[in-house]
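Peer 1: The structure is given below, and queries will be raised subsequently.
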Amino acid sequence: MAQQLTNAKMVVDKDFKVSEIDPRIYGSFIEHLGRAVYGGIYEPGHPEADDSGFRKDVLELVKELQVPIVRYPGGNMVSAYNWEDGVGPKDKRPSRLELAWRSIENNQVGTNEFMDWAKKAGTDVMMAVNLGTRGIDAARNLLEYTNHPGGTYYSDLRRSHGYEQPHKIKTWCLGNEMDGPWQLGGKTAEEYGRTAYETAKAMKLVDPDIELVSCGSSSSNMPTFPQWEATTLEHTYEYADYVSLHQYYTNYENDTANFLAKSMEMDHFIGTVVSTCDYIKAKKRSNKTINLSFDEWNVWFHSTAEDQKVEPWQTGPPLLEDVYTFEDAVLVGSLLHTLLKHSDRVKMACMAQLVNVIAPIMTDNGGRVWKQTIFYPYYYTSLYGRGTALNPVIHSPKYDSKEFTDVPYLDTSVVYNEEKEELVVFATNRHLENTLKVDCDIRSFEGFVVTEHVVLEHDDPKAVNTVGEEQVKPHHNGKSYMENGHLQGILPKMSWNMIRLHKQK
Ligand code: AHR
């Protein structure tokens, strides 16, 4: 039976600018957790492994995503990590109890290997320092090791390890989720603020060109949110360039309509953090603006029960291996719209994570690599969401769900790439039954025509991709068209779409 139509309208104009998009909004994350590193990016002996043990099949998919920056090495893991364990001759590196995930860390991949991998993947690295069990000293030494050219103890140590040139890592996280009671060496806001300030001071003395991310709350559900941001930024404002946001979305209730509205929660979260940063700016009579690094975001809940059964003290255990559904991909599409809508303040963001651990890319040990459902909205938005984010005016019918009221069926983000003379409309239809017909006035884009309409749709919200079978993948048969200078966007029920338009030659 043909789907019923619901109508919506929008106006897109070149002059309605949000911001130039910082490409680092399409970042990701690799933690020494589960099979992200061991069995993910690194598997010596695998038929696809290169001379350094990195899987070329995984690298190919990472390159396909055009990931501009990858956060490393954690996550919770960094809060008890000794970076010195991971450098120098591999046969001399210790195996340690990795307490955050109760695994064995054999340190066969460390800072230099990861920098090599990043180069192969064509990505920058966002490095995190341990402010849990360690502090100023370990952080400044690591920075000297990675960024100082030579002639000092740690820079010469790096050179003796075969890395003559400094890595010049620009972006550094001052710890991870230090508000979390689960965090090794967790801190109160006052304690963290002081430690982060002193660490930041030392780090900027070692290398004034670096950018620093001050730890925000581990999620907007934390009881200390947003006072944590206010208190810690009072301390770190002078040296910090960004504050971090982390949030994972769940559908434990199995309520699709409510789940698809959760990007509104992200929107609210970002708004609150922006306000808090600007409150501290006002309080300090500062001219400096702190931007946002949403450096952990994704759907995460499918694997939580399974994870309880995993035996501790293994290297590369199968942890956090969420198998993503079609509805997860639709929400991920909307989360990306939300980041773009806030691209005036969200300058970096990391889909957490990249391989095997709550990830768009999955592998079998010794076997194949495949794309999860969430790979697709991430892929298309990363490739085509570059340029200027525009702020469309939207008139959409709305619905109420268990936790949200006035949820627009139409969720969208719009990007104009002037250089390519390309207008890209990313659009989600949250309606579970009806096609959404969107009359889109693109008045300042005269002569533009639809050149591609990619659709991610599936009849079963719970459809998944597995190693042998990719049930959820996009098709290019979207039905959008131009009529009297307006784009008529035809968005099938519960779907994620990308409509590209170009100026007709
Ligand atoms: O990404 C998984 C974990 O989620 C990270 O280690 C931690 O920072 C967050 O709680």
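Residue names in the structure tokens use chain letters A, B, ... in the order shown, residue numbers from 1 in each chain, and ligand numbers from 1 in the order shown.
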Pick out each residue of region 372-491 of chain A that DSSP on the backbone tags as helix (DSSP H, G or I); I need them as a list of chain:residue names.

Peer 2: A:Phe375, A:Tyr376, A:Pro377, A:Tyr378, A:Tyr379, A:Tyr380, A:Thr381, A:Ser382, A:Leu383, A:Tyr384

Peer 1: Go through the chains and note each residue within 10 Å of ligand 1, using only C-alpha atoms and all ligand atoms, then give the set as a ChimeraX atom specification.

Peer 2: /A:29-34,73-79,100-101,175-178,180,182-183,218-219,246-248,295-298,300,319-320,351-354,357-359

Peer 1: What's the separation between CA of Gln165 (chain A) and CA of Met348 (chain A), in Å to one decimal place?

Peer 2: 26.3 Å

Peer 1: From the list A:Phe426, A:Phe404, A:Tyr409, A:Tyr384, which residue is nearest Pro23 (chain A) when using only C-alpha atoms?

Peer 2: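 Nearest candidate to Pro23 (chain A) out of A:Phe426, A:Phe404, A:Tyr409, A:Tyr384: A:Tyr384.
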
Peer 1: Just the residues within 6 Å of region 60-69 of chain A, please, counting only C-alpha atoms, with nothing from its chain fewer than 4 positions along; format it as a ChimeraX atom specification.

Peer 2: /A:24,27,121,123-125,379

Peer 1: Quick one: residues within 9 Å of region 485-490 of chain A, only C-alpha atoms counted, chain neighbours fewer than 5 positions away excluded, as a list in words?

Peer 2: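 The neighbour list is Ala427, Thr435, Leu436, Lys437, Val438, Asp439, Cys440, Asp441, Ile442, Arg443, Phe445, Glu446, Gly447, Phe448, Val449, Val450, Gly478, Lys479, Ser480 and Ile499 of chain A.
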
Peer 1: Go through A:His395, A:Lys503, A:Arg285, A:Arg71 one by one, measure the shortest atom-to-atom distance of each to Ser444 (chain A) using only C-alpha atoms, and give the residue with the smallest value.

Peer 2: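 Residue with the minimum atom-to-atom distance to Ser444 (chain A): A:Lys503.
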
Peer 1: Hey, which of A:Thr338, A:Thr315, A:Thr188, A:Thr325 ends up closest to Ala389 (chain A)? Count only C-alpha atoms.

Peer 2: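 Closest to Ala389 (chain A) of all the choices is A:Thr338.
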
Peer 1: With distances taken over only C-alpha atoms, which of A:Thr289, A:Val472, A:Val414, A:Tyr324 is nearest to Phe301 (chain A)?

Peer 2: A:Tyr324

Peer 1: What is the distance, in Å and to one decimal place, between CA of Tyr376 (chain A) and CA of Ile169 (chain A)?

Peer 2: 29.1 Å

Peer 1: May I have the residues within 12 Å of Thr199 (chain A) as a list in words, using only C-alpha atoms and disregarding those fewer than 6 positions away in the same chain?

Peer 2: Val129, Asn130, Leu131, Arg134, Gly135, Ile136, Asp137, Ala138, Ala139, Arg140, Asn141, Leu142, Leu143, Trp172, Cys173, Leu174, Gly175, Tyr192, Gly193, Leu205, Val206, Leu212, Val213, Ser214, His235, Thr236, Tyr239 and Ala240 of chain A

Peer 1: For the residues in that selection, give me C-alpha atoms as an mmCIF file, in the first residue's frame.

Peer 2:
data_model
loop_
_atom_site.group_PDB
_atom_site.id
_atom_site.type_symbol
_atom_site.label_atom_id
_atom_site.label_comp_id
_atom_site.auth_asym_id
_atom_site.auth_seq_id
_atom_site.Cartn_x
_atom_site.Cartn_y
_atom_site.Cartn_z
ATOM 1 C CA VAL A 129 46.539 12.963 29.134
ATOM 2 C CA ASN A 130 46.092 11.054 32.372
ATOM 3 C CA LEU A 131 44.742 13.374 35.060
ATOM 4 C CA ARG A 134 48.896 10.984 37.297
ATOM 5 C CA GLY A 135 49.089 14.707 36.550
ATOM 6 C CA ILE A 136 51.249 17.662 35.520
ATOM 7 C CA ASP A 137 54.519 15.788 35.291
ATOM 8 C CA ALA A 138 53.389 12.902 33.097
ATOM 9 C CA ALA A 139 51.453 15.309 30.863
ATOM 10 C CA ARG A 140 54.316 17.738 30.295
ATOM 11 C CA ASN A 141 56.761 14.876 29.708
ATOM 12 C CA LEU A 142 54.507 13.245 27.145
ATOM 13 C CA LEU A 143 54.093 16.567 25.346
ATOM 14 C CA TRP A 172 45.035 17.711 23.795
ATOM 15 C CA CYS A 173 42.338 16.639 26.255
ATOM 16 C CA LEU A 174 42.973 17.489 29.898
ATOM 17 C CA GLY A 175 41.869 14.086 31.219
ATOM 18 C CA TYR A 192 39.811 18.953 38.756
ATOM 19 C CA GLY A 193 39.749 22.666 37.994
ATOM 20 C CA LEU A 205 54.787 26.462 28.367
ATOM 21 C CA VAL A 206 56.164 23.344 26.664
ATOM 22 C CA LEU A 212 43.415 22.282 25.104
ATOM 23 C CA VAL A 213 40.081 20.683 25.923
ATOM 24 C CA SER A 214 38.856 21.101 29.494
ATOM 25 C CA HIS A 235 39.766 27.636 36.859
ATOM 26 C CA THR A 236 40.694 26.602 33.319
ATOM 27 C CA TYR A 239 44.237 28.138 29.093
ATOM 28 C CA ALA A 240 41.358 26.057 27.748
#

Peer 1: Quick one: residues within 6 Å of Ser155 (chain A), only C-alpha atoms, excluding same-chain residues fewer than 3 positions away - as a list of chain:residue names?

Peer 2: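 Near neighbours after the sequence-gap exclusion: A:Glu144, A:Tyr145, A:His148, A:Gly150, A:Thr152, A:Arg158.
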
Peer 1: Calculated over only C-alpha atoms, which of the candidates A:Glu229, A:Glu234, A:Asp57, A:Asp85 has the smallest distance to Val274 (chain A)?

Peer 2: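 Of A:Glu229, A:Glu234, A:Asp57, A:Asp85, the one nearest Val274 (chain A) is A:Glu229, counting only C-alpha atoms.
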
Peer 1: Could you produce a table of the residues of region 106-213 of chain A lying within 10 Å of region 92-95 of chain A, with the nearest pair of atoms per residue and their separation in Å rounded to one decimal, using only C-alpha atoms, ordered by chain and increasing residue number, as CSV?

Peer 2:
residue,atom,partner,partner_atom,distance
A:Asn106,CA,A:Ser95,CA,4.1
A:Asn107,CA,A:Arg93,CA,6.2
A:Gln108,CA,A:Arg93,CA,7.3
A:Val109,CA,A:Arg93,CA,9.8
A:Gly110,CA,A:Arg93,CA,9.8

Peer 1: Between CA of Asn254 (chain A) and CA of Gln471 (chain A), what is the distance in Å, rounded to a tenth?

Peer 2: 20.3 Å

Peer 1: Among region 224-273 of chain A, which residues carry a DSSP assignment of strand (DSSP E or B), reported as a PyMOL selection string?

Peer 2: chain A and resi 242-249

Peer 1: Write a file of the selected residues as an mmCIF file, in the first residue's frame, keeping N, CA, C and O atoms.

Peer 2:
data_model
loop_
_atom_site.group_PDB
_atom_site.id
_atom_site.type_symbol
_atom_site.label_atom_id
_atom_site.label_comp_id
_atom_site.auth_asym_id
_atom_site.auth_seq_id
_atom_site.Cartn_x
_atom_site.Cartn_y
_atom_site.Cartn_z
ATOM 1 N N TYR A 242 38.551 24.668 24.516
ATOM 2 C CA TYR A 242 37.286 23.963 24.340
ATOM 3 C C TYR A 242 36.883 23.335 25.674
ATOM 4 O O TYR A 242 37.731 23.084 26.530
ATOM 5 N N VAL A 243 35.584 23.034 25.775
ATOM 6 C CA VAL A 243 35.120 22.195 26.875
ATOM 7 C C VAL A 243 34.503 20.963 26.231
ATOM 8 O O VAL A 243 33.891 21.047 25.156
ATOM 9 N N SER A 244 34.660 19.801 26.880
ATOM 10 C CA SER A 244 34.152 18.572 26.256
ATOM 11 C C SER A 244 32.717 18.279 26.670
ATOM 12 O O SER A 244 32.281 18.643 27.770
ATOM 13 N N LEU A 245 31.985 17.612 25.772
ATOM 14 C CA LEU A 245 30.651 17.085 26.061
ATOM 15 C C LEU A 245 30.674 15.611 25.673
ATOM 16 O O LEU A 245 31.263 15.255 24.640
ATOM 17 N N HIS A 246 30.033 14.785 26.500
ATOM 18 C CA HIS A 246 29.879 13.366 26.187
ATOM 19 C C HIS A 246 28.417 12.987 26.366
ATOM 20 O O HIS A 246 27.794 13.406 27.364
ATOM 21 N N GLN A 247 27.865 12.205 25.461
ATOM 22 C CA GLN A 247 26.503 11.701 25.673
ATOM 23 C C GLN A 247 26.261 10.487 24.782
ATOM 24 O O GLN A 247 26.607 10.502 23.599
ATOM 25 N N TYR A 248 25.665 9.460 25.378
ATOM 26 C CA TYR A 248 25.259 8.266 24.628
ATOM 27 C C TYR A 248 23.750 8.139 24.737
ATOM 28 O O TYR A 248 23.175 8.442 25.783
ATOM 29 N N TYR A 249 23.126 7.677 23.661
ATOM 30 C CA TYR A 249 21.661 7.605 23.609
ATOM 31 C C TYR A 249 21.222 6.141 23.603
ATOM 32 O O TYR A 249 21.886 5.292 23.013
#

Peer 1: Considering only C-alpha atoms, can you say which of A:Glu419, A:Glu483, A:Asp116, A:Glu470 comes closest to Ile374 (chain A)?

Peer 2: A:Glu470

Peer 1: Can you tell me which residues surround Trp496 (chain A) at a distance of at most 12 Å, considering only C-alpha atoms, apart from same-chain residues fewer than 4 positions away, and format the answer as a PDB file with C-alpha atoms, in the first residue's frame?

Peer 2:
ATOM      1  CA  LEU A 260      14.158   9.281  17.282  1.00  0.00           C
ATOM      2  CA  PHE A 326      18.274   0.759  11.229  1.00  0.00           C
ATOM      3  CA  GLU A 327      16.584   3.020  13.803  1.00  0.00           C
ATOM      4  CA  ASP A 328      19.976   3.688  15.422  1.00  0.00           C
ATOM      5  CA  ALA A 329      21.228   4.905  12.041  1.00  0.00           C
ATOM      6  CA  VAL A 330      18.258   7.255  11.699  1.00  0.00           C
ATOM      7  CA  LEU A 331      18.993   8.772  15.116  1.00  0.00           C
ATOM      8  CA  VAL A 332      22.705   9.061  14.297  1.00  0.00           C
ATOM      9  CA  GLY A 333      21.662  11.042  11.201  1.00  0.00           C
ATOM     10  CA  SER A 334      19.706  13.426  13.425  1.00  0.00           C
ATOM     11  CA  LEU A 335      22.562  13.730  15.913  1.00  0.00           C
ATOM     12  CA  LEU A 336      24.736  14.843  13.005  1.00  0.00           C
ATOM     13  CA  HIS A 337      22.107  17.437  12.014  1.00  0.00           C
ATOM     14  CA  THR A 373      24.086   0.678   9.828  1.00  0.00           C
ATOM     15  CA  ILE A 374      25.404   3.860  11.466  1.00  0.00           C
ATOM     16  CA  TYR A 376      26.106   5.470   6.353  1.00  0.00           C
ATOM     17  CA  PRO A 377      24.801   8.739   7.811  1.00  0.00           C
ATOM     18  CA  TYR A 378      28.284   9.317   9.223  1.00  0.00           C
ATOM     19  CA  TYR A 380      27.626  10.901   3.793  1.00  0.00           C
ATOM     20  CA  THR A 381      27.605  13.744   6.282  1.00  0.00           C
ATOM     21  CA  TYR A 409       8.642  15.074  11.923  1.00  0.00           C
ATOM     22  CA  LEU A 410      11.156  16.849   9.716  1.00  0.00           C
ATOM     23  CA  ASP A 411      14.674  17.119  11.094  1.00  0.00           C
ATOM     24  CA  THR A 412      17.259  18.609   8.800  1.00  0.00           C
ATOM     25  CA  SER A 413      20.591  20.317   8.348  1.00  0.00           C
ATOM     26  CA  VAL A 425      20.073  18.988   2.331  1.00  0.00           C
ATOM     27  CA  PHE A 426      20.407  16.272   4.962  1.00  0.00           C
ATOM     28  CA  ALA A 427      16.936  15.310   6.147  1.00  0.00           C
ATOM     29  CA  THR A 428      15.334  12.834   8.517  1.00  0.00           C
ATOM     30  CA  ASN A 429      11.681  11.874   8.385  1.00  0.00           C
ATOM     31  CA  ARG A 430      10.721  10.844  11.920  1.00  0.00           C
ATOM     32  CA  HIS A 431       7.216   9.831  10.874  1.00  0.00           C
ATOM     33  CA  THR A 435       6.053   9.923   3.586  1.00  0.00           C
ATOM     34  CA  LEU A 436       7.032  13.520   4.250  1.00  0.00           C
ATOM     35  CA  HIS A 453      19.048  11.805  -3.591  1.00  0.00           C
ATOM     36  CA  VAL A 454      20.428   9.109  -1.294  1.00  0.00           C
ATOM     37  CA  VAL A 455      17.918   7.343   0.974  1.00  0.00           C
ATOM     38  CA  LEU A 456      18.489   5.124   3.979  1.00  0.00           C
ATOM     39  CA  GLU A 457      15.224   3.293   4.640  1.00  0.00           C
ATOM     40  CA  HIS A 458      14.059  -0.122   5.811  1.00  0.00           C
ATOM     41  CA  VAL A 472      20.689  -1.737   5.800  1.00  0.00           C
ATOM     42  CA  LYS A 473      22.416   0.235   3.089  1.00  0.00           C
ATOM     43  CA  PRO A 474      21.472   3.358   1.188  1.00  0.00           C
ATOM     44  CA  HIS A 475      19.991   3.469  -2.287  1.00  0.00           C
ATOM     45  CA  GLY A 478      15.254   9.061  -3.965  1.00  0.00           C
ATOM     46  CA  GLY A 489      11.843  16.681  -1.036  1.00  0.00           C
ATOM     47  CA  ILE A 490      10.189  13.266  -0.890  1.00  0.00           C
ATOM     48  CA  LEU A 491      11.262  11.560   2.326  1.00  0.00           C
ATOM     49  CA  PRO A 492       9.956   7.997   2.814  1.00  0.00           C
TER      50      PRO A 492
END
